[in-house]
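The file upload-v9.txt contains compact mmCIF, N, CA and C atoms and all ligand atoms:
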```
# COMPACT_ATOMS: atom_id res chain seq x y z
N MET G 165 5.76 188.20 -22.35
CA MET G 165 5.71 188.57 -20.94
C MET G 165 4.66 189.64 -20.69
N LYS G 166 4.68 190.66 -21.58
CA LYS G 166 3.74 191.77 -21.40
C LYS G 166 2.30 191.25 -21.32
N ASN G 167 1.92 190.41 -22.29
CA ASN G 167 0.53 189.95 -22.31
C ASN G 167 0.19 189.07 -21.11
N SER G 168 1.16 188.27 -20.64
CA SER G 168 0.91 187.43 -19.46
C SER G 168 0.59 188.29 -18.25
N LEU G 169 1.36 189.36 -18.06
CA LEU G 169 1.13 190.21 -16.89
C LEU G 169 -0.17 191.01 -17.04
N LEU G 170 -0.46 191.43 -18.27
CA LEU G 170 -1.72 192.16 -18.48
C LEU G 170 -2.92 191.24 -18.26
N GLN G 171 -2.75 189.97 -18.63
CA GLN G 171 -3.85 189.02 -18.37
C GLN G 171 -4.00 188.79 -16.87
N LEU G 172 -2.88 188.65 -16.16
CA LEU G 172 -2.95 188.47 -14.71
C LEU G 172 -3.65 189.67 -14.06
N LEU G 173 -3.30 190.87 -14.53
CA LEU G 173 -3.95 192.08 -14.01
C LEU G 173 -5.46 192.03 -14.28
N ALA G 174 -5.82 191.71 -15.51
CA ALA G 174 -7.25 191.68 -15.89
C ALA G 174 -8.00 190.60 -15.12
N ASP G 175 -7.39 189.43 -14.98
CA ASP G 175 -8.04 188.33 -14.23
C ASP G 175 -8.26 188.75 -12.78
N THR G 176 -7.26 189.38 -12.19
CA THR G 176 -7.37 189.79 -10.79
C THR G 176 -8.45 190.85 -10.64
N TYR G 177 -8.52 191.75 -11.62
CA TYR G 177 -9.53 192.81 -11.57
C TYR G 177 -10.94 192.22 -11.66
N VAL G 178 -11.14 191.32 -12.62
CA VAL G 178 -12.47 190.74 -12.81
C VAL G 178 -12.87 189.93 -11.57
N LEU G 179 -11.91 189.21 -10.99
CA LEU G 179 -12.23 188.44 -9.78
C LEU G 179 -12.55 189.37 -8.61
N SER G 180 -11.87 190.52 -8.55
CA SER G 180 -12.15 191.48 -7.49
C SER G 180 -13.59 192.02 -7.62
N VAL G 181 -13.99 192.37 -8.84
CA VAL G 181 -15.36 192.87 -9.05
C VAL G 181 -16.38 191.78 -8.69
N LYS G 182 -16.08 190.54 -9.10
CA LYS G 182 -17.01 189.45 -8.82
C LYS G 182 -17.12 189.22 -7.30
N THR G 183 -16.00 189.30 -6.61
CA THR G 183 -16.00 189.08 -5.16
C THR G 183 -16.79 190.18 -4.46
N GLN G 184 -16.62 191.43 -4.94
CA GLN G 184 -17.36 192.53 -4.32
C GLN G 184 -18.86 192.41 -4.63
N ASN G 185 -19.16 192.00 -5.84
CA ASN G 185 -20.56 191.75 -6.23
C ASN G 185 -21.20 190.74 -5.27
N PHE G 186 -20.48 189.67 -4.98
CA PHE G 186 -21.02 188.64 -4.08
C PHE G 186 -21.08 189.15 -2.63
N HIS G 187 -20.11 189.96 -2.24
CA HIS G 187 -20.14 190.61 -0.92
C HIS G 187 -21.46 191.38 -0.75
N TRP G 188 -21.87 192.08 -1.81
CA TRP G 188 -23.10 192.87 -1.73
C TRP G 188 -24.35 191.99 -1.74
N ASN G 189 -24.34 190.96 -2.55
CA ASN G 189 -25.59 190.25 -2.85
C ASN G 189 -25.79 188.93 -2.11
N VAL G 190 -24.78 188.51 -1.34
CA VAL G 190 -24.93 187.22 -0.67
C VAL G 190 -26.09 187.28 0.33
N THR G 191 -26.81 186.16 0.45
CA THR G 191 -27.89 186.04 1.43
C THR G 191 -27.78 184.67 2.09
N GLY G 192 -28.59 184.45 3.11
CA GLY G 192 -28.65 183.12 3.72
C GLY G 192 -28.19 183.12 5.16
N PRO G 193 -28.31 181.94 5.79
CA PRO G 193 -28.00 181.85 7.22
C PRO G 193 -26.55 182.20 7.56
N GLN G 194 -25.65 182.03 6.58
CA GLN G 194 -24.24 182.36 6.85
C GLN G 194 -23.88 183.73 6.29
N PHE G 195 -24.92 184.57 6.13
CA PHE G 195 -24.70 185.88 5.49
C PHE G 195 -23.46 186.59 6.02
N TYR G 196 -23.40 186.77 7.34
CA TYR G 196 -22.35 187.67 7.84
C TYR G 196 -20.96 187.12 7.58
N SER G 197 -20.78 185.81 7.77
CA SER G 197 -19.41 185.28 7.59
C SER G 197 -18.99 185.37 6.11
N TYR G 198 -19.90 185.11 5.18
CA TYR G 198 -19.54 185.25 3.76
C TYR G 198 -19.35 186.72 3.38
N HIS G 199 -20.26 187.57 3.85
CA HIS G 199 -20.15 189.00 3.58
C HIS G 199 -18.76 189.51 4.00
N LYS G 200 -18.32 189.08 5.17
CA LYS G 200 -17.03 189.53 5.72
C LYS G 200 -15.86 188.86 4.98
N LEU G 201 -15.98 187.56 4.72
CA LEU G 201 -14.91 186.85 4.00
C LEU G 201 -14.70 187.47 2.62
N PHE G 202 -15.81 187.73 1.91
CA PHE G 202 -15.69 188.31 0.57
C PHE G 202 -15.07 189.71 0.63
N GLU G 203 -15.40 190.45 1.67
CA GLU G 203 -14.79 191.79 1.82
C GLU G 203 -13.28 191.67 2.01
N ASP G 204 -12.88 190.77 2.90
CA ASP G 204 -11.44 190.58 3.12
C ASP G 204 -10.75 190.21 1.81
N GLN G 205 -11.42 189.35 1.04
CA GLN G 205 -10.78 188.85 -0.19
C GLN G 205 -10.72 189.93 -1.27
N TYR G 206 -11.77 190.76 -1.41
CA TYR G 206 -11.63 191.78 -2.47
C TYR G 206 -10.67 192.88 -2.05
N ASP G 207 -10.53 193.12 -0.74
CA ASP G 207 -9.50 194.07 -0.29
C ASP G 207 -8.11 193.57 -0.70
N GLN G 208 -7.86 192.27 -0.49
CA GLN G 208 -6.56 191.70 -0.87
C GLN G 208 -6.35 191.79 -2.38
N LEU G 209 -7.41 191.48 -3.13
CA LEU G 209 -7.30 191.52 -4.59
C LEU G 209 -7.02 192.95 -5.07
N THR G 210 -7.68 193.92 -4.44
CA THR G 210 -7.47 195.33 -4.83
C THR G 210 -6.02 195.73 -4.62
N SER G 211 -5.46 195.29 -3.51
CA SER G 211 -4.07 195.64 -3.27
C SER G 211 -3.15 194.90 -4.25
N GLY G 212 -3.52 193.67 -4.60
CA GLY G 212 -2.76 192.92 -5.61
C GLY G 212 -2.81 193.59 -6.98
N ILE G 213 -3.99 194.08 -7.35
CA ILE G 213 -4.16 194.76 -8.64
C ILE G 213 -3.18 195.92 -8.75
N ASP G 214 -3.08 196.71 -7.68
CA ASP G 214 -2.22 197.88 -7.71
C ASP G 214 -0.74 197.48 -7.86
N LYS G 215 -0.36 196.41 -7.14
CA LYS G 215 1.03 195.96 -7.23
C LYS G 215 1.36 195.45 -8.63
N ILE G 216 0.44 194.67 -9.21
CA ILE G 216 0.69 194.13 -10.55
C ILE G 216 0.80 195.28 -11.56
N ALA G 217 -0.16 196.21 -11.48
CA ALA G 217 -0.19 197.31 -12.46
C ALA G 217 1.07 198.17 -12.34
N GLU G 218 1.47 198.48 -11.12
CA GLU G 218 2.64 199.34 -10.97
C GLU G 218 3.92 198.61 -11.36
N HIS G 219 3.94 197.29 -11.18
CA HIS G 219 5.09 196.53 -11.66
C HIS G 219 5.14 196.55 -13.19
N ILE G 220 3.99 196.43 -13.83
CA ILE G 220 3.96 196.51 -15.30
C ILE G 220 4.46 197.88 -15.76
N ARG G 221 4.05 198.93 -15.04
CA ARG G 221 4.49 200.29 -15.39
C ARG G 221 6.00 200.44 -15.27
N SER G 222 6.62 199.65 -14.37
CA SER G 222 8.07 199.76 -14.20
C SER G 222 8.81 199.33 -15.47
N PHE G 223 8.11 198.64 -16.37
CA PHE G 223 8.69 198.30 -17.68
C PHE G 223 8.28 199.32 -18.75
N GLN G 224 7.72 200.45 -18.31
CA GLN G 224 7.29 201.51 -19.24
C GLN G 224 6.12 201.07 -20.12
N ILE G 225 5.44 200.01 -19.72
CA ILE G 225 4.28 199.55 -20.49
C ILE G 225 3.05 200.33 -20.03
N ILE G 226 2.29 200.85 -20.98
CA ILE G 226 1.05 201.57 -20.65
C ILE G 226 -0.01 200.54 -20.22
N ILE G 227 -0.70 200.83 -19.11
CA ILE G 227 -1.75 199.92 -18.63
C ILE G 227 -3.05 200.22 -19.37
N PRO G 228 -3.64 199.23 -20.03
CA PRO G 228 -4.97 199.45 -20.58
C PRO G 228 -5.98 199.33 -19.44
N GLY G 229 -6.21 200.44 -18.73
CA GLY G 229 -6.90 200.38 -17.44
C GLY G 229 -8.39 200.63 -17.49
N SER G 230 -9.02 200.25 -18.57
CA SER G 230 -10.49 200.42 -18.64
C SER G 230 -11.18 199.08 -18.42
N LEU G 231 -12.42 199.13 -18.02
CA LEU G 231 -13.17 197.89 -17.82
C LEU G 231 -13.26 197.11 -19.13
N ALA G 232 -13.45 197.82 -20.24
CA ALA G 232 -13.53 197.13 -21.53
C ALA G 232 -12.23 196.39 -21.83
N ALA G 233 -11.10 197.04 -21.52
CA ALA G 233 -9.80 196.40 -21.77
C ALA G 233 -9.61 195.18 -20.86
N PHE G 234 -10.00 195.31 -19.60
CA PHE G 234 -9.85 194.17 -18.69
C PHE G 234 -10.68 192.99 -19.19
N LEU G 235 -11.87 193.27 -19.69
CA LEU G 235 -12.72 192.18 -20.20
C LEU G 235 -12.11 191.55 -21.44
N LYS G 236 -11.36 192.33 -22.20
CA LYS G 236 -10.71 191.78 -23.39
C LYS G 236 -9.54 190.87 -23.00
N PHE G 237 -8.80 191.25 -21.95
CA PHE G 237 -7.59 190.50 -21.59
C PHE G 237 -7.87 189.31 -20.67
N THR G 238 -8.99 189.32 -19.96
CA THR G 238 -9.20 188.28 -18.94
C THR G 238 -9.59 186.94 -19.56
N CYS G 239 -9.27 185.86 -18.83
CA CYS G 239 -9.79 184.55 -19.23
C CYS G 239 -10.95 184.14 -18.32
N LEU G 240 -11.31 185.00 -17.35
CA LEU G 240 -12.43 184.69 -16.45
C LEU G 240 -13.75 185.15 -17.06
N LYS G 241 -14.82 184.53 -16.57
CA LYS G 241 -16.16 184.98 -16.97
C LYS G 241 -16.74 185.84 -15.85
N GLU G 242 -17.39 186.93 -16.22
CA GLU G 242 -18.08 187.74 -15.22
C GLU G 242 -19.30 186.99 -14.70
N SER G 243 -19.77 187.42 -13.53
CA SER G 243 -20.97 186.82 -12.98
C SER G 243 -21.92 187.95 -12.62
N ASP G 244 -22.96 188.15 -13.41
CA ASP G 244 -23.84 189.30 -13.16
C ASP G 244 -25.22 188.87 -12.67
N ILE G 245 -25.34 187.61 -12.27
CA ILE G 245 -26.66 187.14 -11.83
C ILE G 245 -26.61 186.72 -10.37
N SER G 246 -25.83 187.49 -9.59
CA SER G 246 -25.56 187.04 -8.23
C SER G 246 -26.83 186.93 -7.39
N SER G 247 -27.88 187.69 -7.71
CA SER G 247 -29.09 187.61 -6.89
C SER G 247 -29.76 186.24 -7.01
N LEU G 248 -29.42 185.51 -8.08
CA LEU G 248 -30.03 184.20 -8.25
C LEU G 248 -29.15 183.08 -7.70
N LEU G 249 -27.96 183.45 -7.23
CA LEU G 249 -27.03 182.41 -6.77
C LEU G 249 -27.19 182.20 -5.27
N LYS G 250 -27.09 180.94 -4.86
CA LYS G 250 -27.01 180.65 -3.43
C LYS G 250 -25.56 180.89 -2.98
N SER G 251 -25.42 181.06 -1.67
CA SER G 251 -24.08 181.43 -1.18
C SER G 251 -23.04 180.38 -1.53
N ASP G 252 -23.42 179.08 -1.46
CA ASP G 252 -22.38 178.08 -1.77
C ASP G 252 -22.03 178.07 -3.26
N GLN G 253 -22.96 178.49 -4.11
CA GLN G 253 -22.63 178.62 -5.54
C GLN G 253 -21.66 179.78 -5.75
N MET G 254 -21.86 180.86 -5.00
CA MET G 254 -20.91 181.98 -5.08
C MET G 254 -19.52 181.52 -4.66
N VAL G 255 -19.47 180.79 -3.55
CA VAL G 255 -18.18 180.32 -3.04
C VAL G 255 -17.50 179.44 -4.08
N LYS G 256 -18.26 178.55 -4.72
CA LYS G 256 -17.67 177.66 -5.73
C LYS G 256 -17.13 178.44 -6.93
N LYS G 257 -17.86 179.47 -7.34
CA LYS G 257 -17.38 180.27 -8.48
C LYS G 257 -16.08 180.99 -8.12
N LEU G 258 -16.05 181.59 -6.94
CA LEU G 258 -14.83 182.30 -6.53
C LEU G 258 -13.67 181.33 -6.39
N LEU G 259 -13.97 180.17 -5.79
CA LEU G 259 -12.93 179.15 -5.61
C LEU G 259 -12.33 178.75 -6.96
N SER G 260 -13.17 178.49 -7.94
CA SER G 260 -12.62 178.02 -9.21
C SER G 260 -11.84 179.13 -9.91
N ASP G 261 -12.24 180.39 -9.72
CA ASP G 261 -11.45 181.49 -10.31
C ASP G 261 -10.09 181.62 -9.63
N HIS G 262 -10.05 181.49 -8.30
CA HIS G 262 -8.76 181.56 -7.61
C HIS G 262 -7.86 180.41 -8.06
N GLU G 263 -8.45 179.22 -8.21
CA GLU G 263 -7.65 178.07 -8.65
C GLU G 263 -7.12 178.28 -10.07
N LEU G 264 -7.98 178.85 -10.92
CA LEU G 264 -7.56 179.10 -12.30
C LEU G 264 -6.39 180.08 -12.35
N ILE G 265 -6.51 181.19 -11.61
CA ILE G 265 -5.43 182.18 -11.62
C ILE G 265 -4.15 181.57 -11.05
N SER G 266 -4.28 180.79 -9.97
CA SER G 266 -3.11 180.16 -9.37
C SER G 266 -2.44 179.21 -10.38
N ASN G 267 -3.25 178.42 -11.10
CA ASN G 267 -2.68 177.51 -12.12
C ASN G 267 -2.02 178.29 -13.25
N ASN G 268 -2.64 179.40 -13.64
CA ASN G 268 -2.03 180.22 -14.69
C ASN G 268 -0.66 180.73 -14.25
N ILE G 269 -0.56 181.13 -12.97
CA ILE G 269 0.73 181.62 -12.47
C ILE G 269 1.76 180.48 -12.48
N THR G 270 1.32 179.28 -12.07
CA THR G 270 2.24 178.12 -12.12
C THR G 270 2.75 177.92 -13.55
N ASN G 271 1.86 178.05 -14.53
CA ASN G 271 2.30 177.92 -15.93
C ASN G 271 3.29 179.00 -16.31
N LEU G 272 3.09 180.21 -15.76
CA LEU G 272 4.04 181.29 -16.06
C LEU G 272 5.43 180.95 -15.52
N PHE G 273 5.47 180.33 -14.31
CA PHE G 273 6.78 179.91 -13.77
C PHE G 273 7.44 178.93 -14.73
N ASN G 274 6.64 178.00 -15.27
CA ASN G 274 7.21 176.95 -16.10
C ASN G 274 7.76 177.46 -17.43
N ILE G 275 7.11 178.51 -17.98
CA ILE G 275 7.63 179.03 -19.26
C ILE G 275 8.68 180.10 -19.04
N GLY G 276 8.91 180.48 -17.75
CA GLY G 276 9.53 181.78 -17.53
C GLY G 276 10.97 181.86 -17.13
N LYS G 277 11.90 181.36 -17.92
CA LYS G 277 13.29 181.69 -17.62
C LYS G 277 13.54 183.17 -17.88
N GLU G 278 12.61 183.78 -18.63
CA GLU G 278 12.75 185.18 -18.99
C GLU G 278 12.43 186.14 -17.82
N TRP G 279 11.80 185.62 -16.75
CA TRP G 279 11.36 186.53 -15.69
C TRP G 279 12.53 187.03 -14.87
N ASP G 280 12.48 188.30 -14.53
CA ASP G 280 13.47 188.86 -13.60
C ASP G 280 13.03 188.54 -12.17
N GLU G 281 13.94 188.79 -11.21
CA GLU G 281 13.67 188.39 -9.82
C GLU G 281 12.46 189.09 -9.22
N VAL G 282 12.29 190.37 -9.53
CA VAL G 282 11.18 191.12 -8.93
C VAL G 282 9.85 190.57 -9.45
N THR G 283 9.81 190.25 -10.73
CA THR G 283 8.58 189.68 -11.28
C THR G 283 8.31 188.32 -10.65
N LEU G 284 9.35 187.51 -10.48
CA LEU G 284 9.17 186.21 -9.84
C LEU G 284 8.63 186.36 -8.42
N ASP G 285 9.16 187.34 -7.68
CA ASP G 285 8.67 187.61 -6.32
C ASP G 285 7.19 187.97 -6.34
N LEU G 286 6.83 188.84 -7.26
CA LEU G 286 5.44 189.29 -7.35
C LEU G 286 4.53 188.10 -7.69
N LEU G 287 4.97 187.29 -8.65
CA LEU G 287 4.15 186.13 -9.04
C LEU G 287 4.00 185.16 -7.88
N THR G 288 5.08 184.97 -7.12
CA THR G 288 5.02 184.06 -5.96
C THR G 288 4.04 184.59 -4.92
N GLU G 289 4.11 185.89 -4.68
CA GLU G 289 3.20 186.50 -3.70
C GLU G 289 1.75 186.39 -4.17
N ARG G 290 1.52 186.65 -5.45
CA ARG G 290 0.15 186.57 -5.97
C ARG G 290 -0.38 185.14 -5.87
N LYS G 291 0.47 184.18 -6.25
CA LYS G 291 0.02 182.79 -6.20
C LYS G 291 -0.32 182.38 -4.77
N SER G 292 0.52 182.79 -3.85
CA SER G 292 0.30 182.43 -2.45
C SER G 292 -1.03 183.03 -1.94
N GLU G 293 -1.34 184.26 -2.34
CA GLU G 293 -2.62 184.85 -1.90
C GLU G 293 -3.81 184.13 -2.51
N HIS G 294 -3.69 183.74 -3.78
CA HIS G 294 -4.80 183.00 -4.40
C HIS G 294 -4.98 181.63 -3.76
N ASP G 295 -3.86 180.99 -3.43
CA ASP G 295 -3.94 179.67 -2.80
C ASP G 295 -4.57 179.78 -1.41
N GLN G 296 -4.22 180.85 -0.69
CA GLN G 296 -4.80 181.02 0.64
C GLN G 296 -6.31 181.32 0.55
N ALA G 297 -6.68 182.18 -0.40
CA ALA G 297 -8.10 182.51 -0.59
C ALA G 297 -8.87 181.25 -0.97
N ALA G 298 -8.28 180.42 -1.85
CA ALA G 298 -8.94 179.19 -2.29
C ALA G 298 -9.13 178.24 -1.10
N TRP G 299 -8.11 178.17 -0.26
CA TRP G 299 -8.21 177.30 0.93
C TRP G 299 -9.36 177.75 1.83
N MET G 300 -9.49 179.07 2.05
CA MET G 300 -10.57 179.57 2.92
C MET G 300 -11.94 179.29 2.31
N LEU G 301 -12.05 179.49 1.01
CA LEU G 301 -13.34 179.24 0.35
C LEU G 301 -13.67 177.75 0.40
N ARG G 302 -12.68 176.91 0.09
CA ARG G 302 -12.88 175.46 0.09
C ARG G 302 -13.30 174.99 1.50
N SER G 303 -12.63 175.53 2.50
CA SER G 303 -12.93 175.11 3.87
C SER G 303 -14.34 175.53 4.29
N SER G 304 -14.80 176.65 3.75
CA SER G 304 -16.14 177.12 4.17
C SER G 304 -17.25 176.30 3.50
N LEU G 305 -16.89 175.51 2.49
CA LEU G 305 -17.90 174.65 1.86
C LEU G 305 -18.18 173.39 2.69
N GLY G 306 -17.28 173.06 3.59
CA GLY G 306 -17.49 171.89 4.46
C GLY G 306 -17.24 170.58 3.75
FE FE G 401 -19.17 196.52 2.13
```
Take the structure in the file and write it out as structure tokens.
Ligand SMILES: [Fe+2]
Amino acid sequence: MKNSLLQLLADTYVLSVKTQNFHWNVTGPQFYSYHKLFEDQYDQLTSGIDKIAEHIRSFQIIIPGSLAAFLKFTCLKESDISSLLKSDQMVKKLLSDHELISNNITNLFNIGKEWDEVTLDLLTERKSEHDQAAWMLRSSLG
């Protein structure tokens, strides 16, 4: 359980950094709508990160809260070449990360008779936010 939640925290953190990176570097005719959408999404991710981390702390588990630790625990790949990406490529990358995290959470439900109610609530809320973010990104691709 501990490692699953730490991975969820790390994945959410890496996706938040990637989303903010794209918020800064996006260009093109739809600049403003993507710039704003990415801002809304990293704000949501930031708030999710805090909830996940504080829930992990409620089990007295120490959070490995460094960037190096997040990179060790995450299953996502960073994206550091955003200046070379077109806006729709950014959207596709974010979309696939949201889908991946959402699928990982679904897998946690399937293995998780061990989860307590509060953890299940948190996982449900996180999955719902990722699904909503994925829907917005998918819809903006046309
Ligand atoms: Fe900004």
What residues have any atom no more than 8 Å from ligand FE 401 (chain G) when counting only N, CA and C atoms and all ligand atoms, and can you list them as JSON, numbers by chain?
-> {"G": [184, 187, 188, 199, 203]}
Export, as a short mmCIF file (atom, residue, chain, number, x, y, z; two decimals), in the frame of the given file, the selected residues with N, CA and C atoms.
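out33.cif, freshly written:
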```cif
data_model
loop_
_atom_site.label_atom_id
_atom_site.label_comp_id
_atom_site.auth_asym_id
_atom_site.auth_seq_id
_atom_site.Cartn_x
_atom_site.Cartn_y
_atom_site.Cartn_z
N GLN G 184 -16.62 191.43 -4.94
CA GLN G 184 -17.36 192.53 -4.32
C GLN G 184 -18.86 192.41 -4.63
N HIS G 187 -20.11 189.96 -2.24
CA HIS G 187 -20.14 190.61 -0.92
C HIS G 187 -21.46 191.38 -0.75
N TRP G 188 -21.87 192.08 -1.81
CA TRP G 188 -23.10 192.87 -1.73
C TRP G 188 -24.35 191.99 -1.74
N HIS G 199 -20.26 187.57 3.85
CA HIS G 199 -20.15 189.00 3.58
C HIS G 199 -18.76 189.51 4.00
N GLU G 203 -15.40 190.45 1.67
CA GLU G 203 -14.79 191.79 1.82
C GLU G 203 -13.28 191.67 2.01
#
```
For G:Asp295: contacts at 12 Å, only C-alpha atoms, fewer than 5 positions along chain excluded, given as number ranges by chain: G: 205, 258-267, 269-270, 288-290, 300-302
*So which residues of chain G fall under helix (DSSP H, G or I) by DSSP, listed as a ChimeraX atom specification?*
/G:166-189,195-221,231-237,246-248,251-275,281-305
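Among the candidate residues G:Trp299, G:Leu287, G:Thr183, G:Leu172, the one lying nearest to G:Asp207 is G:Thr183, with distances computed using only N, CA and C atoms.
When all atoms listed in the file are used to compute distances to G:Asn189, the closest of the residues G:Val282, G:Leu248, G:Ser303, G:Glu293 turns out to be G:Leu248.
Remark: for G:Phe234, the closest of the candidate residues G:Asp175, G:Gly306, G:Lys250, G:Met165 is G:Asp175 (distances computed over only N, CA and C atoms).
Look at G:Tyr206: the protein and nucleic acid residues within 7 Å of it, using all atoms listed in the file and passing over chain neighbours fewer than 3 places away, are Leu179, Ser180, Val181, Thr183, Gln184, Leu201, Phe202, Glu203, Leu209, Thr210 and Ser211 of chain G.
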Please, could you write that set of residues out with N, CA and C atoms as a short mmCIF file (atom, residue, chain, number, x, y, z; two decimals), in the coordinates of the input?
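Final file, again.cif:
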```cif
data_model
loop_
_atom_site.label_atom_id
_atom_site.label_comp_id
_atom_site.auth_asym_id
_atom_site.auth_seq_id
_atom_site.Cartn_x
_atom_site.Cartn_y
_atom_site.Cartn_z
N LEU G 179 -11.91 189.21 -10.99
CA LEU G 179 -12.23 188.44 -9.78
C LEU G 179 -12.55 189.37 -8.61
N SER G 180 -11.87 190.52 -8.55
CA SER G 180 -12.15 191.48 -7.49
C SER G 180 -13.59 192.02 -7.62
N VAL G 181 -13.99 192.37 -8.84
CA VAL G 181 -15.36 192.87 -9.05
C VAL G 181 -16.38 191.78 -8.69
N THR G 183 -16.00 189.30 -6.61
CA THR G 183 -16.00 189.08 -5.16
C THR G 183 -16.79 190.18 -4.46
N GLN G 184 -16.62 191.43 -4.94
CA GLN G 184 -17.36 192.53 -4.32
C GLN G 184 -18.86 192.41 -4.63
N LEU G 201 -15.98 187.56 4.72
CA LEU G 201 -14.91 186.85 4.00
C LEU G 201 -14.70 187.47 2.62
N PHE G 202 -15.81 187.73 1.91
CA PHE G 202 -15.69 188.31 0.57
C PHE G 202 -15.07 189.71 0.63
N GLU G 203 -15.40 190.45 1.67
CA GLU G 203 -14.79 191.79 1.82
C GLU G 203 -13.28 191.67 2.01
N LEU G 209 -7.41 191.48 -3.13
CA LEU G 209 -7.30 191.52 -4.59
C LEU G 209 -7.02 192.95 -5.07
N THR G 210 -7.68 193.92 -4.44
CA THR G 210 -7.47 195.33 -4.83
C THR G 210 -6.02 195.73 -4.62
N SER G 211 -5.46 195.29 -3.51
CA SER G 211 -4.07 195.64 -3.27
C SER G 211 -3.15 194.90 -4.25
#
```
- Message: Given all atoms listed in the file as the basis, pick out the residue of G:Val190, G:Leu173, G:Ile216, G:Val178 nearest to G:Leu249.
- Response: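 Closest residue, counting all atoms listed in the file: G:Val190.
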* From the list G:Ala174, G:Lys256, G:His294, G:Asn274, which residue is nearest G:Ile213 when using only N, CA and C atoms? ->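 Under the stated criterion, the closest residue is G:Ala174.
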- Query: Between atom CA of G:Tyr198 and atom CA of G:Ser251, what is the spacing in Å?
  - Reply: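 We find that atom CA of G:Ser251 and atom CA of G:Tyr198 lie 7.7 Å from each other.
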Leaving out G:Asp252 and any residue of its chain fewer than 6 positions from it, which residues lie within 8 Å of it when counting only N, CA and C atoms, given as a PDB file with N, CA and C atoms, in the coordinates of the input?
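Output contents, as saved in around14.pdb:
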```
ATOM      1  N   THR G 191     -26.810 186.160   0.450  1.00  0.00           N
ATOM      2  CA  THR G 191     -27.890 186.040   1.430  1.00  0.00           C
ATOM      3  C   THR G 191     -27.780 184.670   2.090  1.00  0.00           C
ATOM      4  N   LEU G 258     -16.050 181.590  -6.940  1.00  0.00           N
ATOM      5  CA  LEU G 258     -14.830 182.300  -6.530  1.00  0.00           C
ATOM      6  C   LEU G 258     -13.670 181.330  -6.390  1.00  0.00           C
ATOM      7  N   SER G 304     -14.800 176.650   3.750  1.00  0.00           N
ATOM      8  CA  SER G 304     -16.140 177.120   4.170  1.00  0.00           C
ATOM      9  C   SER G 304     -17.250 176.300   3.500  1.00  0.00           C
ATOM     10  N   LEU G 305     -16.890 175.510   2.490  1.00  0.00           N
ATOM     11  CA  LEU G 305     -17.900 174.650   1.860  1.00  0.00           C
ATOM     12  C   LEU G 305     -18.180 173.390   2.690  1.00  0.00           C
TER      13      LEU G 305
END
```
- prompt: Excluding same-chain residues fewer than 3 positions from G:Leu170, what lies within 8 Å of it counting only C-alpha atoms, as JSON, numbers by chain?
  reply: {"G": [166, 167, 173, 174, 220, 227, 237]}
**Q.** atom CA of G:Ala298 to atom CA of G:Arg221, distance in Å rounded to a single decimal
**A.**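 For atom CA of G:Ala298 relative to atom CA of G:Arg221, the distance reads 28.2 Å.
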_What does the structure give for the distance between atom CA of G:Thr238 and atom CA of G:Leu169, in Å to one decimal?_
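Between atom CA of G:Thr238 and atom CA of G:Leu169 the gap is 10.7 Å.
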- prompt: Restricting the calculation to only C-alpha atoms, which member of G:Ser222, G:Gln208, G:Gln253, G:Asn271 is positioned closest to G:Phe186?
  reply: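 So, comparing all the options, the nearest one is G:Gln253.
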As lines of an AutoDock Vina configuration file, what would the box around stretch 224-230 of chain G look like: edges along x, y and z, 8 Å added on every side, centre and edge lengths in Å to one decimal?
```
center_x = -1.7
center_y = 200.3
center_z = -19.2
size_x = 34.9
size_y = 18.5
size_z = 19.5
```
